[in-house]
$ cat final06.tsv   # TSV, C-alpha atoms
chain	number	residue	atom	x	y	z
N	1	MET	CA	0.00	0.00	0.00
N	2	GLY	CA	2.49	2.65	0.90
N	3	HIS	CA	1.41	5.97	-0.72
N	4	GLY	CA	1.04	8.08	2.44
N	5	GLY	CA	-0.05	11.32	0.73
N	6	ARG	CA	-3.23	13.22	1.49
N	7	GLY	CA	-6.27	10.94	1.44
N	8	ARG	CA	-4.38	8.09	-0.10
N	9	PRO	CA	-4.33	4.54	1.26
N	10	VAL	CA	-1.48	3.58	3.56
N	11	ALA	CA	-0.69	0.25	5.15
N	12	GLY	CA	-2.29	0.04	8.58
N	13	PRO	CA	-2.16	-2.55	11.33
N	14	ALA	CA	-2.33	-6.12	10.02
N	15	GLY	CA	-2.14	-4.82	6.45
N	16	ILE	CA	-5.55	-3.13	6.61
N	17	ALA	CA	-5.88	-0.25	4.16
N	18	MET	CA	-6.37	3.07	5.97
N	19	GLU	CA	-6.77	6.63	4.84
N	20	ALA	CA	-3.93	8.98	5.71
N	21	LYS	CA	-5.12	11.32	8.47
N	22	MET	CA	-3.54	14.50	7.13
N	23	GLY	CA	-6.19	16.90	5.90
N	24	LEU	CA	-9.18	14.59	6.39
N	25	LYS	CA	-12.26	15.59	8.34
N	26	SER	CA	-14.26	13.16	10.38
N	27	VAL	CA	-17.82	12.71	9.12
N	28	THR	CA	-20.44	11.53	11.56
N	29	PRO	CA	-23.72	10.43	10.01
N	30	THR	CA	-26.80	11.79	11.75
N	31	VAL	CA	-30.05	9.92	12.20
N	32	SER	CA	-33.17	11.74	13.29
N	33	LYS	CA	-35.39	10.50	16.12
N	34	ALA	CA	-38.14	9.94	13.54
N	35	ASP	CA	-35.81	7.74	11.47
N	36	LEU	CA	-34.87	5.74	14.57
N	37	ALA	CA	-38.52	5.32	15.51
N	38	HIS	CA	-39.22	3.67	12.16
N	39	LEU	CA	-36.13	1.48	12.18
N	40	GLY	CA	-37.30	-2.13	12.16
N	41	ALA	CA	-41.00	-1.17	12.04
N	42	GLY	CA	-43.08	-4.14	10.97
N	43	GLU	CA	-39.97	-6.35	10.97
N	44	VAL	CA	-38.64	-6.49	14.53
N	45	GLY	CA	-40.38	-7.05	17.84
N	46	TYR	CA	-38.85	-7.15	21.26
N	47	ILE	CA	-39.80	-9.30	24.22
N	48	ARG	CA	-39.46	-8.05	27.75
N	49	LYS	CA	-40.24	-9.49	31.16
N	50	MET	CA	-42.47	-7.12	33.11
N	51	LYS	CA	-43.53	-6.66	36.70
N	52	ALA	CA	-47.20	-6.25	37.51
N	53	ASP	CA	-46.68	-2.64	38.68
N	54	GLU	CA	-45.30	-1.69	35.23
N	55	VAL	CA	-48.25	-3.11	33.33
N	56	SER	CA	-50.78	-0.31	33.88
N	57	ARG	CA	-48.33	2.24	32.48
N	58	VAL	CA	-47.80	0.30	29.25
N	59	PHE	CA	-51.15	-1.51	28.99
N	60	PRO	CA	-53.65	0.92	30.58
N	61	GLU	CA	-56.61	-1.32	29.67
N	62	ALA	CA	-55.18	-4.32	31.55
N	63	PRO	CA	-57.08	-5.51	34.63
N	64	GLU	CA	-55.54	-5.61	38.13
N	65	ILE	CA	-52.76	-8.23	38.09
N	66	ASP	CA	-51.36	-10.39	40.88
N	67	PRO	CA	-47.93	-8.87	41.73
N	68	SER	CA	-46.36	-12.33	42.11
N	69	LEU	CA	-47.14	-13.23	38.50
N	70	ASP	CA	-44.29	-13.32	35.94
N	71	LEU	CA	-45.41	-11.43	32.85
N	72	TRP	CA	-44.01	-11.15	29.34
N	73	ALA	CA	-44.71	-8.43	26.81
N	74	LEU	CA	-44.17	-8.19	23.07
N	75	PHE	CA	-43.54	-4.71	21.66
N	76	GLY	CA	-43.10	-3.41	18.12
N	77	ALA	CA	-39.74	-1.92	17.18
N	78	ASP	CA	-41.14	1.55	17.91
N	79	GLY	CA	-42.28	0.52	21.40
N	80	THR	CA	-45.93	-0.08	20.55
N	81	PRO	CA	-47.30	-2.74	22.94
N	82	ILE	CA	-48.60	-5.79	21.08
N	83	LEU	CA	-49.17	-8.55	23.64
N	84	LEU	CA	-49.08	-9.12	27.40
N	85	THR	CA	-49.06	-12.69	28.71
N	86	ASP	CA	-47.91	-14.87	31.57
N	87	ASN	CA	-46.54	-17.39	29.06
N	88	ARG	CA	-43.22	-16.40	27.47
N	89	SER	CA	-43.72	-18.84	24.56
N	90	SER	CA	-46.87	-16.97	23.57
N	91	THR	CA	-44.83	-13.87	22.81
N	92	PHE	CA	-42.75	-15.83	20.29
N	93	TYR	CA	-45.85	-17.36	18.69
N	94	LYS	CA	-47.46	-13.93	18.31
N	95	ALA	CA	-44.27	-12.47	16.86
N	96	ALA	CA	-44.08	-15.32	14.33
N	97	GLU	CA	-47.75	-14.81	13.47
N	98	ASP	CA	-47.01	-11.13	12.79
N	99	ASP	CA	-43.81	-11.97	10.84
N	100	LEU	CA	-41.59	-10.20	13.38
N	101	ARG	CA	-38.02	-11.15	14.19
N	102	THR	CA	-37.65	-11.10	17.93
N	103	VAL	CA	-35.04	-9.72	20.28
N	104	SER	CA	-35.14	-9.92	24.06
N	105	LEU	CA	-34.53	-6.98	26.36
N	106	HIS	CA	-33.27	-7.40	29.88

$ encode --input "final06.tsv" --output "structure tokens"
Amino acid sequence: MGHGGRGRPVAGPAGIAMEAKMGLKSVTPTVSKADLAHLGAGEVGYIRKMKADEVSRVFPEAPEIDPSLDLWALFGADGTPILLTDNRSSTFYKAAEDDLRTVSLH
């Protein structure tokens, strides 16, 4: 590689081509909040374990729930609640039914 002039490739660590740093500006791509909100929409769903006291905030229409119950929720990529259940497997079935790839949040 060995040029070394402005903006030309030079040999970097382990032979990886790198741009010479002289005269180059760093460019940082920007993504708007609106763009982030739509990222994965209709394609990705996330599964999260919830406590009973969190449920009314996310699922206001949910009835009073026993605080000792383990609950699982499926959300759209934008945070839209889709399903609340006490059976974790049900969240995966619903995601598959809606053609969503799932990720788990801890």

$ residues_near_point --input "final06.tsv" --point "(-40.5, 1.5, 25.8)" --cutoff "12 Å" --atoms "all atoms listed in the file" --output "PyMOL selection string"
chain N and resi 37+45-48+50+54-55+57-59+73-82+105

$ atom_distance --input "final06.tsv" --atom1 "atom CA of Leu71 of chain N" --atom2 "atom CA of Lys94 of chain N"
14.9 Å

$ atom_distance --input "final06.tsv" --atom1 "atom CA of Asp53 of chain N" --atom2 "atom CA of Arg88 of chain N"
18.1 Å

$ atom_distance --input "final06.tsv" --atom1 "atom CA of Glu97 of chain N" --atom2 "atom CA of Ile65 of chain N"
26.0 Å
